[in-house]
>>> print(open('entry01.pdb').read())   # PDB, C-alpha atoms and all ligand atoms
ATOM      1  CA  MET A   1      16.369 -24.166   4.633
ATOM      2  CA  ALA A   2      12.584 -24.236   4.359
ATOM      3  CA  SER A   3      10.857 -22.348   1.580
ATOM      4  CA  THR A   4       7.252 -21.274   1.124
ATOM      5  CA  LEU A   5       5.775 -20.469  -2.274
ATOM      6  CA  TYR A   6       2.714 -18.276  -2.463
ATOM      7  CA  ARG A   7       1.061 -18.377  -5.846
ATOM      8  CA  LYS A   8      -1.009 -15.740  -7.496
ATOM      9  CA  GLY A   9      -4.400 -16.678  -8.852
ATOM     10  CA  ASP A  10      -5.995 -17.553  -5.556
ATOM     11  CA  ASP A  11      -9.111 -15.752  -6.679
ATOM     12  CA  LEU A  12     -11.513 -18.604  -6.364
ATOM     13  CA  GLY A  13     -14.329 -16.711  -4.710
ATOM     14  CA  GLU A  14     -15.487 -13.130  -5.059
ATOM     15  CA  ILE A  15     -12.873 -10.746  -6.460
ATOM     16  CA  ARG A  16     -12.120  -8.014  -3.948
ATOM     17  CA  GLY A  17      -9.514  -5.330  -4.483
ATOM     18  CA  ARG A  18      -8.674  -2.139  -2.657
ATOM     19  CA  PHE A  19      -7.135   1.284  -2.747
ATOM     20  CA  ALA A  20      -5.492   2.124   0.573
ATOM     21  CA  PRO A  21      -4.196   5.698   0.592
ATOM     22  CA  SER A  22      -2.525   7.347   3.570
ATOM     23  CA  PRO A  23      -4.111  10.737   4.249
ATOM     24  CA  THR A  24      -0.789  12.458   4.830
ATOM     25  CA  GLY A  25      -1.016  14.964   1.997
ATOM     26  CA  GLU A  26      -2.961  16.003  -1.064
ATOM     27  CA  MET A  27      -3.617  13.449  -3.758
ATOM     28  CA  HIS A  28      -1.286  13.880  -6.726
ATOM     29  CA  LEU A  29      -0.875  12.389 -10.161
ATOM     30  CA  GLY A  30       1.134   9.426  -8.820
ATOM     31  CA  ASN A  31      -1.647   8.423  -6.410
ATOM     32  CA  ALA A  32      -4.205   8.790  -9.218
ATOM     33  CA  TRP A  33      -2.094   6.408 -11.330
ATOM     34  CA  THR A  34      -2.147   3.548  -8.789
ATOM     35  CA  ALA A  35      -5.794   4.254  -7.931
ATOM     36  CA  LEU A  36      -6.786   4.048 -11.615
ATOM     37  CA  LEU A  37      -4.902   0.792 -12.194
ATOM     38  CA  ALA A  38      -6.267  -0.835  -9.018
ATOM     39  CA  TRP A  39      -9.774   0.311  -9.972
ATOM     40  CA  LEU A  40      -9.469  -1.049 -13.532
ATOM     41  CA  ASP A  41      -8.117  -4.360 -12.252
ATOM     42  CA  VAL A  42     -11.149  -4.788  -9.993
ATOM     43  CA  ARG A  43     -13.755  -3.537 -12.470
ATOM     44  CA  LYS A  44     -12.317  -5.712 -15.248
ATOM     45  CA  HIS A  45     -13.034  -8.736 -13.048
ATOM     46  CA  ASN A  46     -16.472  -7.509 -11.933
ATOM     47  CA  GLY A  47     -15.090  -7.332  -8.446
ATOM     48  CA  THR A  48     -15.774  -5.252  -5.360
ATOM     49  CA  MET A  49     -13.671  -2.129  -4.803
ATOM     50  CA  VAL A  50     -12.778  -1.250  -1.236
ATOM     51  CA  LEU A  51     -11.441   2.140  -0.139
ATOM     52  CA  ARG A  52      -9.504   2.088   3.117
ATOM     53  CA  MET A  53      -7.917   5.107   4.806
ATOM     54  CA  GLU A  54      -4.523   4.240   6.245
ATOM     55  CA  ASP A  55      -4.269   6.902   8.924
ATOM     56  CA  LEU A  56      -2.304   4.810  11.410
ATOM     57  CA  ASP A  57       0.312   7.427  12.117
ATOM     58  CA  PRO A  58      -1.345  10.126  14.223
ATOM     59  CA  ASP A  59       1.525  12.557  13.611
ATOM     60  CA  ARG A  60       1.229  12.504   9.833
ATOM     61  CA  SER A  61      -2.444  11.831   9.060
ATOM     62  CA  ARG A  62      -5.144  14.501   8.851
ATOM     63  CA  PRO A  63      -8.898  14.128   8.335
ATOM     64  CA  GLU A  64      -8.933  16.960   5.781
ATOM     65  CA  TYR A  65      -6.530  14.993   3.579
ATOM     66  CA  ALA A  66      -8.822  11.950   3.816
ATOM     67  CA  GLU A  67     -11.751  14.141   2.728
ATOM     68  CA  GLY A  68      -9.645  15.552  -0.100
ATOM     69  CA  ILE A  69      -8.651  12.075  -1.339
ATOM     70  CA  MET A  70     -12.273  10.912  -1.418
ATOM     71  CA  HIS A  71     -13.264  14.077  -3.242
ATOM     72  CA  ASP A  72     -10.465  13.646  -5.797
ATOM     73  CA  LEU A  73     -11.279   9.979  -6.414
ATOM     74  CA  ALA A  74     -14.940  10.808  -6.950
ATOM     75  CA  TRP A  75     -13.964  13.648  -9.292
ATOM     76  CA  LEU A  76     -11.819  11.240 -11.317
ATOM     77  CA  GLY A  77     -14.770   8.858 -11.596
ATOM     78  CA  LEU A  78     -13.069   6.103  -9.587
ATOM     79  CA  ASP A  79     -15.859   4.840  -7.372
ATOM     80  CA  TRP A  80     -15.808   2.345  -4.527
ATOM     81  CA  ASP A  81     -18.351  -0.138  -3.208
ATOM     82  CA  GLU A  82     -17.204  -0.157   0.404
ATOM     83  CA  GLY A  83     -15.397   2.618   2.211
ATOM     84  CA  PRO A  84     -15.291   5.130   5.050
ATOM     85  CA  ASP A  85     -18.379   6.997   3.815
ATOM     86  CA  THR A  86     -20.391   4.156   2.251
ATOM     87  CA  GLY A  87     -19.664   1.566   4.956
ATOM     88  CA  GLY A  88     -19.885  -2.135   4.120
ATOM     89  CA  ALA A  89     -19.728  -5.607   5.637
ATOM     90  CA  TYR A  90     -16.162  -5.145   6.919
ATOM     91  CA  ALA A  91     -16.469  -1.669   8.468
ATOM     92  CA  PRO A  92     -14.817   0.380   9.763
ATOM     93  CA  TYR A  93     -12.697   1.314   6.725
ATOM     94  CA  VAL A  94     -10.483   3.748   8.610
ATOM     95  CA  GLN A  95      -7.396   2.345  10.321
ATOM     96  CA  ASP A  96      -7.638   4.699  13.278
ATOM     97  CA  GLU A  97     -10.887   2.919  14.202
ATOM     98  CA  ARG A  98      -9.387  -0.542  13.836
ATOM     99  CA  ARG A  99      -6.566  -0.398  16.404
ATOM    100  CA  GLU A 100      -8.267  -2.930  18.658
ATOM    101  CA  LEU A 101      -8.204  -5.485  15.845
ATOM    102  CA  TYR A 102      -4.463  -4.966  15.312
ATOM    103  CA  GLN A 103      -3.881  -5.414  19.013
ATOM    104  CA  ARG A 104      -5.947  -8.604  19.096
ATOM    105  CA  MET A 105      -3.944 -10.086  16.216
ATOM    106  CA  LEU A 106      -0.699  -8.950  17.795
ATOM    107  CA  GLU A 107      -1.658 -10.790  20.969
ATOM    108  CA  ARG A 108      -2.017 -13.977  18.950
ATOM    109  CA  LEU A 109       1.580 -13.545  17.833
ATOM    110  CA  ILE A 110       2.747 -12.745  21.366
ATOM    111  CA  GLU A 111       1.024 -15.838  22.751
ATOM    112  CA  ALA A 112       2.753 -17.960  20.124
ATOM    113  CA  ASP A 113       6.098 -16.478  21.273
ATOM    114  CA  LEU A 114       6.733 -14.948  17.863
ATOM    115  CA  VAL A 115       7.373 -11.417  19.107
ATOM    116  CA  TYR A 116       9.955  -9.782  21.394
ATOM    117  CA  PRO A 117      10.491  -6.329  22.909
ATOM    118  CA  CYS A 118      13.141  -4.081  21.370
ATOM    119  CA  TYR A 119      14.772  -1.070  22.988
ATOM    120  CA  CYS A 120      16.817   0.058  19.978
ATOM    121  CA  SER A 121      16.900   3.245  17.884
ATOM    122  CA  ARG A 122      13.873   5.488  18.143
ATOM    123  CA  ALA A 123      14.221   6.896  14.645
ATOM    124  CA  GLU A 124      13.905   3.487  13.070
ATOM    125  CA  ILE A 125      10.906   2.613  15.185
ATOM    126  CA  GLN A 126       9.079   5.883  14.427
ATOM    127  CA  THR A 127       8.910   5.137  10.699
ATOM    128  CA  ALA A 128       7.192   1.777  11.205
ATOM    129  CA  ALA A 129       3.616   3.088  10.991
ATOM    130  CA  SER A 130       4.130   4.297   7.441
ATOM    131  CA  ALA A 131       4.506   2.176   4.354
ATOM    132  CA  PRO A 132       8.245   2.174   3.525
ATOM    133  CA  HIS A 133       8.269   4.043   0.215
ATOM    134  CA  GLY A 134      11.619   4.703  -1.308
ATOM    135  CA  GLY A 135      13.662   2.579   1.043
ATOM    136  CA  GLU A 136      13.312   4.405   4.385
ATOM    137  CA  GLY A 137      13.827   2.119   7.346
ATOM    138  CA  GLU A 138      14.903  -0.686   5.037
ATOM    139  CA  ALA A 139      18.239  -1.707   6.602
ATOM    140  CA  ALA A 140      18.181  -5.219   8.085
ATOM    141  CA  TYR A 141      17.782  -5.205  11.856
ATOM    142  CA  PRO A 142      20.748  -7.084  13.313
ATOM    143  CA  GLY A 143      18.658  -8.772  16.020
ATOM    144  CA  THR A 144      20.277  -6.952  18.943
ATOM    145  CA  CYS A 145      17.305  -7.328  21.326
ATOM    146  CA  ARG A 146      16.286 -10.877  20.355
ATOM    147  CA  SER A 147      18.417 -12.386  23.065
ATOM    148  CA  ARG A 148      18.468  -9.434  25.490
ATOM    149  CA  ARG A 149      17.263 -10.207  28.989
ATOM    150  CA  GLY A 150      15.322  -7.549  30.876
ATOM    151  CA  GLY A 151      14.432  -4.145  29.493
ATOM    152  CA  CYS A 152      15.445  -0.551  30.051
ATOM    153  CA  LYS A 153      13.437   0.750  32.983
ATOM    154  CA  ASN A 154      12.868   4.215  31.589
ATOM    155  CA  ARG A 155      11.918   3.234  28.073
ATOM    156  CA  LYS A 156       8.941   1.473  26.528
ATOM    157  CA  PRO A 157       9.902  -1.162  23.978
ATOM    158  CA  ALA A 158       8.834  -1.548  20.377
ATOM    159  CA  LEU A 159       7.803  -5.079  19.405
ATOM    160  CA  ARG A 160       9.539  -7.076  16.702
ATOM    161  CA  ILE A 161       8.594 -10.277  14.971
ATOM    162  CA  LYS A 162      11.016 -13.205  15.070
ATOM    163  CA  VAL A 163      11.749 -13.683  11.410
ATOM    164  CA  PRO A 164      12.561 -17.281  10.432
ATOM    165  CA  ASN A 165      15.541 -18.123   8.271
ATOM    166  CA  LYS A 166      13.651 -19.290   5.197
ATOM    167  CA  VAL A 167      12.912 -18.194   1.679
ATOM    168  CA  ILE A 168       9.481 -16.725   0.993
ATOM    169  CA  SER A 169       8.474 -16.819  -2.674
ATOM    170  CA  PHE A 170       5.545 -15.407  -4.561
ATOM    171  CA  GLU A 171       4.413 -14.666  -8.109
ATOM    172  CA  ASP A 172       3.923 -10.981  -8.697
ATOM    173  CA  GLY A 173       1.469  -9.956 -11.440
ATOM    174  CA  VAL A 174       4.082  -7.733 -13.117
ATOM    175  CA  TYR A 175       7.461  -8.800 -11.698
ATOM    176  CA  GLY A 176       6.973 -12.568 -11.808
ATOM    177  CA  ARG A 177       8.579 -14.787  -9.203
ATOM    178  CA  ILE A 178      10.169 -13.092  -6.216
ATOM    179  CA  ASP A 179      12.250 -14.974  -3.626
ATOM    180  CA  GLU A 180      13.276 -13.372  -0.381
ATOM    181  CA  ASN A 181      14.833 -14.565   2.835
ATOM    182  CA  LEU A 182      13.756 -11.944   5.343
ATOM    183  CA  ALA A 183      16.403 -13.012   7.827
ATOM    184  CA  GLN A 184      18.923 -11.643   5.321
ATOM    185  CA  THR A 185      17.027  -8.571   4.110
ATOM    186  CA  ALA A 186      14.650  -6.913   6.603
ATOM    187  CA  GLY A 187      15.614  -8.904   9.679
ATOM    188  CA  ASP A 188      13.191  -8.973  12.625
ATOM    189  CA  PHE A 189      10.796  -6.190  11.664
ATOM    190  CA  ILE A 190       8.620  -4.005  13.866
ATOM    191  CA  VAL A 191       4.969  -4.833  14.466
ATOM    192  CA  ARG A 192       4.307  -2.168  17.102
ATOM    193  CA  ARG A 193       6.165   1.048  17.804
ATOM    194  CA  SER A 194       7.320   1.943  21.303
ATOM    195  CA  ASP A 195       4.508   4.508  21.576
ATOM    196  CA  GLY A 196       1.939   1.756  20.998
ATOM    197  CA  VAL A 197       1.186   2.585  17.330
ATOM    198  CA  HIS A 198       0.914  -0.604  15.295
ATOM    199  CA  ALA A 199       3.173  -0.960  12.291
ATOM    200  CA  TYR A 200       1.943  -0.580   8.736
ATOM    201  CA  GLN A 201       3.121  -4.137   7.951
ATOM    202  CA  LEU A 202       0.860  -5.650  10.606
ATOM    203  CA  ALA A 203      -2.146  -3.360  10.042
ATOM    204  CA  VAL A 204      -2.203  -3.833   6.271
ATOM    205  CA  VAL A 205      -2.213  -7.630   6.638
ATOM    206  CA  VAL A 206      -4.909  -7.642   9.316
ATOM    207  CA  ASP A 207      -7.054  -5.309   7.215
ATOM    208  CA  ASP A 208      -6.595  -7.039   3.873
ATOM    209  CA  ALA A 209      -7.234 -10.427   5.500
ATOM    210  CA  LEU A 210     -10.306  -9.387   7.499
ATOM    211  CA  MET A 211     -11.706  -7.398   4.565
ATOM    212  CA  GLN A 212     -11.342 -10.543   2.432
ATOM    213  CA  ILE A 213      -9.178  -8.778  -0.138
ATOM    214  CA  SER A 214      -8.258 -11.253  -2.873
ATOM    215  CA  ARG A 215      -6.102  -8.990  -5.089
ATOM    216  CA  VAL A 216      -3.648  -6.314  -4.060
ATOM    217  CA  LEU A 217      -2.449  -3.933  -6.768
ATOM    218  CA  ARG A 218      -0.167  -1.115  -5.598
ATOM    219  CA  GLY A 219       3.016   0.772  -6.447
ATOM    220  CA  ASP A 220       6.247  -1.159  -6.874
ATOM    221  CA  ASP A 221       7.871   0.741  -4.012
ATOM    222  CA  LEU A 222       5.926  -1.675  -1.807
ATOM    223  CA  LEU A 223       7.252  -4.767  -3.568
ATOM    224  CA  SER A 224       9.883  -5.083  -0.852
ATOM    225  CA  SER A 225       7.180  -5.158   1.855
ATOM    226  CA  THR A 226       5.344  -8.131   0.393
ATOM    227  CA  SER A 227       7.487 -10.932   1.843
ATOM    228  CA  ARG A 228       7.087  -9.418   5.315
ATOM    229  CA  GLN A 229       3.359  -9.327   4.798
ATOM    230  CA  LEU A 230       3.265 -12.910   3.499
ATOM    231  CA  LEU A 231       5.090 -14.049   6.616
ATOM    232  CA  LEU A 232       2.443 -12.354   8.774
ATOM    233  CA  TYR A 233      -0.337 -13.997   6.735
ATOM    234  CA  GLU A 234       1.260 -17.338   7.454
ATOM    235  CA  LEU A 235       1.841 -16.706  11.160
ATOM    236  CA  LEU A 236      -1.703 -15.413  11.661
ATOM    237  CA  GLY A 237      -3.193 -18.290   9.674
ATOM    238  CA  PHE A 238      -4.777 -16.223   6.879
ATOM    239  CA  ALA A 239      -4.832 -17.026   3.153
ATOM    240  CA  PRO A 240      -2.902 -14.308   1.280
ATOM    241  CA  PRO A 241      -4.233 -12.344  -1.701
ATOM    242  CA  SER A 242      -2.458 -12.197  -5.057
ATOM    243  CA  PHE A 243      -0.004  -9.311  -5.416
ATOM    244  CA  THR A 244       0.699  -7.050  -8.367
ATOM    245  CA  HIS A 245       3.139  -4.169  -8.147
ATOM    246  CA  VAL A 246       2.979  -1.534 -10.838
ATOM    247  CA  PRO A 247       5.790   0.808 -11.909
ATOM    248  CA  LEU A 248       5.526   4.274 -10.432
ATOM    249  CA  LEU A 249       5.434   7.630 -12.140
ATOM    250  CA  TYR A 250       8.701   9.549 -12.215
ATOM    251  CA  GLY A 251       9.530  13.140 -13.058
ATOM    252  CA  GLU A 252      12.102  13.998 -15.742
ATOM    253  CA  ASP A 253      14.556  14.627 -12.906
ATOM    254  CA  GLY A 254      14.466  10.894 -12.158
ATOM    255  CA  HIS A 255      12.615  11.331  -8.862
ATOM    256  CA  ARG A 256       9.408   9.592  -7.947
ATOM    257  CA  LEU A 257       6.440  11.990  -8.099
ATOM    258  CA  SER A 258       5.735  13.232  -4.629
ATOM    259  CA  LYS A 259       3.379  15.349  -2.634
ATOM    260  CA  ARG A 260       5.953  18.101  -2.698
ATOM    261  CA  GLN A 261       5.368  18.738  -6.400
ATOM    262  CA  ARG A 262       2.447  21.090  -6.040
ATOM    263  CA  PRO A 263       1.657  21.462  -9.790
ATOM    264  CA  LEU A 264       0.941  17.734  -9.922
ATOM    265  CA  ALA A 265      -1.573  17.842  -7.056
ATOM    266  CA  LEU A 266      -5.006  17.007  -8.406
ATOM    267  CA  ALA A 267      -6.570  20.022  -6.698
ATOM    268  CA  GLU A 268      -4.084  22.298  -8.457
ATOM    269  CA  MET A 269      -4.746  20.674 -11.820
ATOM    270  CA  ARG A 270      -8.471  21.068 -11.359
ATOM    271  CA  GLU A 271      -7.984  24.743 -10.598
ATOM    272  CA  LYS A 272      -6.090  25.089 -13.857
ATOM    273  CA  TYR A 273      -9.138  23.705 -15.648
ATOM    274  CA  MET A 274      -7.760  20.258 -16.366
ATOM    275  CA  SER A 275     -10.785  17.985 -16.730
ATOM    276  CA  ALA A 276     -10.940  14.620 -14.969
ATOM    277  CA  GLU A 277     -11.310  12.921 -18.363
ATOM    278  CA  LYS A 278      -8.191  14.612 -19.698
ATOM    279  CA  LEU A 279      -6.248  13.488 -16.657
ATOM    280  CA  ILE A 280      -7.523   9.906 -16.858
ATOM    281  CA  GLY A 281      -6.667   9.973 -20.573
ATOM    282  CA  TYR A 282      -3.100  11.018 -19.758
ATOM    283  CA  LEU A 283      -2.655   8.143 -17.292
ATOM    284  CA  ALA A 284      -4.257   5.675 -19.714
ATOM    285  CA  TRP A 285      -1.834   6.805 -22.426
ATOM    286  CA  LYS A 286       1.128   6.369 -20.056
ATOM    287  CA  ALA A 287      -0.144   2.891 -19.168
ATOM    288  CA  GLY A 288      -0.299   1.936 -22.850
ATOM    289  CA  LEU A 289      -4.073   1.527 -22.716
ATOM    290  CA  VAL A 290      -4.739   4.124 -25.450
ATOM    291  CA  ASP A 291      -2.569   5.283 -28.362
ATOM    292  CA  CYS A 292      -2.631   8.997 -27.688
ATOM    293  CA  TRP A 293      -3.536  11.481 -24.985
ATOM    294  CA  GLN A 294      -7.223  12.298 -25.238
ATOM    295  CA  ALA A 295     -10.115  12.743 -22.812
ATOM    296  CA  VAL A 296     -11.556   9.444 -21.667
ATOM    297  CA  ARG A 297     -13.741   8.206 -18.815
ATOM    298  CA  PRO A 298     -12.430   5.374 -16.598
ATOM    299  CA  GLU A 299     -15.231   2.989 -17.537
ATOM    300  CA  GLU A 300     -14.306   3.292 -21.228
ATOM    301  CA  LEU A 301     -10.947   1.711 -20.379
ATOM    302  CA  ILE A 302     -12.260  -1.405 -18.644
ATOM    303  CA  ASP A 303     -12.637  -3.648 -21.709
ATOM    304  CA  GLY A 304      -9.170  -2.948 -23.081
ATOM    305  CA  PHE A 305      -7.423  -3.093 -19.711
ATOM    306  CA  SER A 306      -4.695  -5.645 -19.277
ATOM    307  CA  LEU A 307      -1.750  -5.702 -16.920
ATOM    308  CA  GLU A 308       0.342  -7.224 -19.698
ATOM    309  CA  LYS A 309       0.372  -3.812 -21.375
ATOM    310  CA  LEU A 310       2.331  -2.359 -18.458
ATOM    311  CA  THR A 311       6.100  -2.449 -18.545
ATOM    312  CA  ARG A 312       8.359  -2.751 -15.530
ATOM    313  CA  GLU A 313      10.033   0.476 -16.458
ATOM    314  CA  ALA A 314       9.455   3.694 -14.592
ATOM    315  CA  VAL A 315       6.892   5.843 -16.369
ATOM    316  CA  VAL A 316       8.117   9.404 -16.909
ATOM    317  CA  VAL A 317       5.861  12.446 -16.650
ATOM    318  CA  ARG A 318       6.819  15.683 -18.423
ATOM    319  CA  TYR A 319       5.960  18.582 -16.168
ATOM    320  CA  GLN A 320       5.262  20.859 -19.128
ATOM    321  CA  ASP A 321       2.314  18.622 -20.047
ATOM    322  CA  PHE A 322       0.632  20.155 -17.020
ATOM    323  CA  SER A 323       1.764  23.748 -17.059
TER
HETATM  324  N1  LIG B 401      -1.192   3.214   2.705
HETATM  325  C1  LIG B 401      -0.087   2.888   1.896
HETATM  326  C2  LIG B 401       0.371   4.113   1.173
HETATM  327  O1  LIG B 401      -0.284   5.068   1.024
HETATM  328  C3  LIG B 401      -0.363   1.835   0.855
HETATM  329  C4  LIG B 401      -0.520   0.519   1.433
HETATM  330  C5  LIG B 401      -0.740  -0.595   0.437
HETATM  331  O2  LIG B 401      -1.251  -0.369  -0.665
HETATM  332  O3  LIG B 401      -0.430  -1.706   0.823
HETATM  333  O4  LIG B 401       1.429   4.133   0.717
END
>>> encode(input="entry01.pdb", output="C-alpha cells")
Amino acid sequence: MASTLYRKGDDLGEIRGRFAPSPTGEMHLGNAWTALLAWLDVRKHNGTMVLRMEDLDPDRSRPEYAEGIMHDLAWLGLDWDEGPDTGGAYAPYVQDERRELYQRMLERLIEADLVYPCYCSRAEIQTAASAPHGGEGEAAYPGTCRSRRGGCKNRKPALRIKVPNKVISFEDGVYGRIDENLAQTAGDFIVRRSDGVHAYQLAVVVDDALMQISRVLRGDDLLSSTSRQLLLYELLGFAPPSFTHVPLLYGEDGHRLSKRQRPLALAEMREKYMSAEKLIGYLAWKAGLVDCWQAVRPEELIDGFSLEKLTREAVVVRYQDFS
C-alpha cells in the first residue's frame, strides 16, 4: 500500500494564514477563540492575514452574518490584510464569487477520470457544502455508485472523488503525526452536490491553494477533514500548507460552544458591557498565554504566543463568567 507523508514547516516563502468563517450565524466565543489563535500565529511570524467568507451553502449563509463577523473581528482588534472589504491580490475573498474557480478545478479532476456521478442519499449530499463539524456526514461511503452504469433519469447526480487505498500522513502542529487511509474512513467523498453546489472540501483546498495560504490553523473538529484535503492538493497538483488544529471551547455540559448559546454571542456580550480587551484576556487566559483573566489587547499577546502552550484537551468555559 502506498503512503504519502506531508510535513509541516513548508513555510519557505511568505507566511500567509487565514480565518475562514461561515456566515451562518452570529459570531460567538468559540469562533473568537480560533480567530484569535489563527491571528496570533500569523502575526507572530510577521505574516499576512487573510479573511475569507465561506458562504458556499446558499441555504445557510446570509450577508448580514458576514457583516456581523467582520464587525465583531474588528471590535476584537483582530485585523486582516486581505479580505472581502479590503480586497487583495487573490480577490475575491467570498466563496459565492469563486464558484467558477471550483468548477474549473473540478473539471481537471473529471478529465483525469478521478470523479464519478453518485445517485445516493440526498441527506448525505446536502451536508457536503458545510465543513463537517462534530461528525455530521462522517460515515464512510460504501462506494455504491463507483461501478454503477447509467444514471437515474429523473435525478441529477452528486460527484464523488475516487479515493485511493493508501495512507495519507501529516504532522499536525498540535496533534503530531496523523495517518489516515481514506478508503477505510471517509470513502469516496463528495466534491459537488447534486444541486451543483461545490463541496466544502473542494472549495477550501482551491481557495487555500490559490490564495497561497502557507499555514492553516483551525478548530480540531476539522482535523478529520485534513486527509481529504491533502488528497485533493495532491490530485490538483498544489503544494499543501502546514496544518494546526486547536482544541475547541466546551461548555460545562460537555458540549462544544455553539451558535445556539445566545449569551456567548459576541454581540450579546458587547451589549452587556463586556469590553473587547476583557474578552481577549479571557481567551488568552484559557489558552495559557497569561496567568490570570485581565483586560489585554491582542497585539500585547504576540511576543509570548506559542502553540506549545496549548494542550490537546478541550477548554471549558464557565457560563457564569459571562452572566
Ligand atoms: N468555514 C469553515 C467553518 O466555519 C472553516 C473552514 C476551515 O477553517 O478550513 O467551519
>>> residues_around(input="entry01.pdb", residues="Leu223 (chain A)", least_positions_apart="6", cutoff="10 Å", atoms="only C-alpha atoms", output="list of chain:residue names")
A:Pro132, A:His133, A:Asp172, A:Tyr175, A:Ile178, A:Phe243, A:Thr244, A:His245, A:Val246
>>> axis_aligned_box(input="entry01.pdb", around="ligand LIG 401 (chain B)", padding_each_side="4 Å", output="JSON")
{"center_x": 0.1, "center_y": 1.7, "center_z": 1.0, "size_x": 10.7, "size_y": 14.8, "size_z": 11.4}
>>> residues_near_point(input="entry01.pdb", point="(17.4, -9.4, 20.2)", cutoff="9 Å", atoms="all atoms listed in the file", output="PDB file with C-alpha atoms, in the coordinates of the input")
ATOM      1  CA  TYR A 116       9.955  -9.782  21.394  1.00  0.00           C
ATOM      2  CA  PRO A 117      10.491  -6.329  22.909  1.00  0.00           C
ATOM      3  CA  CYS A 118      13.141  -4.081  21.370  1.00  0.00           C
ATOM      4  CA  PRO A 142      20.748  -7.084  13.313  1.00  0.00           C
ATOM      5  CA  GLY A 143      18.658  -8.772  16.020  1.00  0.00           C
ATOM      6  CA  THR A 144      20.277  -6.952  18.943  1.00  0.00           C
ATOM      7  CA  CYS A 145      17.305  -7.328  21.326  1.00  0.00           C
ATOM      8  CA  ARG A 146      16.286 -10.877  20.355  1.00  0.00           C
ATOM      9  CA  SER A 147      18.417 -12.386  23.065  1.00  0.00           C
ATOM     10  CA  ARG A 148      18.468  -9.434  25.490  1.00  0.00           C
ATOM     11  CA  ARG A 149      17.263 -10.207  28.989  1.00  0.00           C
ATOM     12  CA  ARG A 160       9.539  -7.076  16.702  1.00  0.00           C
ATOM     13  CA  ASP A 188      13.191  -8.973  12.625  1.00  0.00           C
TER      14      ASP A 188
END
>>> residues_around(input="entry01.pdb", residues="Tyr119 (chain A)", least_positions_apart="2", cutoff="10 Å", atoms="all atoms listed in the file", output="VMD selection string")
chain A and resid 117 121 to 122 125 144 to 145 148 151 to 152 155 to 159 194
>>> write_last_selection(input="entry01.pdb", atoms="C-alpha atoms", output="CSV table (one decimal), in the coordinates of the input")
chain,number,residue,atom,x,y,z
A,117,PRO,CA,10.5,-6.3,22.9
A,121,SER,CA,16.9,3.2,17.9
A,122,ARG,CA,13.9,5.5,18.1
A,125,ILE,CA,10.9,2.6,15.2
A,144,THR,CA,20.3,-7.0,18.9
A,145,CYS,CA,17.3,-7.3,21.3
A,148,ARG,CA,18.5,-9.4,25.5
A,151,GLY,CA,14.4,-4.1,29.5
A,152,CYS,CA,15.4,-0.6,30.1
A,155,ARG,CA,11.9,3.2,28.1
A,156,LYS,CA,8.9,1.5,26.5
A,157,PRO,CA,9.9,-1.2,24.0
A,158,ALA,CA,8.8,-1.5,20.4
A,159,LEU,CA,7.8,-5.1,19.4
A,194,SER,CA,7.3,1.9,21.3
>>> residues_near_ligand(input="entry01.pdb", ligand="ligand LIG 401 (chain B)", cutoff="6 Å", atoms="all atoms listed in the file", output="JSON list (two decimals) with C-alpha atoms, in the frame of the given file")
[["chain", "number", "residue", "atom", "x", "y", "z"],
["A", 20, "ALA", "CA", -5.49, 2.12, 0.57],
["A", 21, "PRO", "CA", -4.20, 5.70, 0.59],
["A", 22, "SER", "CA", -2.52, 7.35, 3.57],
["A", 54, "GLU", "CA", -4.52, 4.24, 6.24],
["A", 131, "ALA", "CA", 4.51, 2.18, 4.35],
["A", 218, "ARG", "CA", -0.17, -1.12, -5.60]]
>>> resolve_selection(input="entry01.pdb", expression="the PyMOL selection byres (((chain A and resi 196) around 12) and not hetatm)", output="list in words")
Leu56, Asp57, Pro58, Arg99, Glu100, Tyr102, Gln103, Leu106, Pro117, Ile125, Gln126, Ala128, Ala129, Lys156, Pro157, Ala158, Leu159, Ile190, Val191, Arg192, Arg193, Ser194, Asp195, Val197, His198 and Ala199 of chain A
>>> resolve_selection(input="entry01.pdb", expression="the PyMOL selection byres (((chain A and resi 92) around 12) and not hetatm)", output="short mmCIF file (atom, residue, chain, number, x, y, z; two decimals) with C-alpha atoms, keeping the file's coordinate frame")
data_model
loop_
_atom_site.label_atom_id
_atom_site.label_comp_id
_atom_site.auth_asym_id
_atom_site.auth_seq_id
_atom_site.Cartn_x
_atom_site.Cartn_y
_atom_site.Cartn_z
CA VAL A 50 -12.78 -1.25 -1.24
CA LEU A 51 -11.44 2.14 -0.14
CA ARG A 52 -9.50 2.09 3.12
CA MET A 53 -7.92 5.11 4.81
CA GLU A 54 -4.52 4.24 6.24
CA GLU A 82 -17.20 -0.16 0.40
CA GLY A 83 -15.40 2.62 2.21
CA PRO A 84 -15.29 5.13 5.05
CA ASP A 85 -18.38 7.00 3.82
CA THR A 86 -20.39 4.16 2.25
CA GLY A 87 -19.66 1.57 4.96
CA GLY A 88 -19.89 -2.13 4.12
CA ALA A 89 -19.73 -5.61 5.64
CA TYR A 90 -16.16 -5.14 6.92
CA ALA A 91 -16.47 -1.67 8.47
CA TYR A 93 -12.70 1.31 6.72
CA VAL A 94 -10.48 3.75 8.61
CA GLN A 95 -7.40 2.35 10.32
CA ASP A 96 -7.64 4.70 13.28
CA GLU A 97 -10.89 2.92 14.20
CA ARG A 98 -9.39 -0.54 13.84
CA ARG A 99 -6.57 -0.40 16.40
CA GLU A 100 -8.27 -2.93 18.66
CA LEU A 101 -8.20 -5.48 15.84
CA ASP A 207 -7.05 -5.31 7.22
CA LEU A 210 -10.31 -9.39 7.50
CA MET A 211 -11.71 -7.40 4.57
#
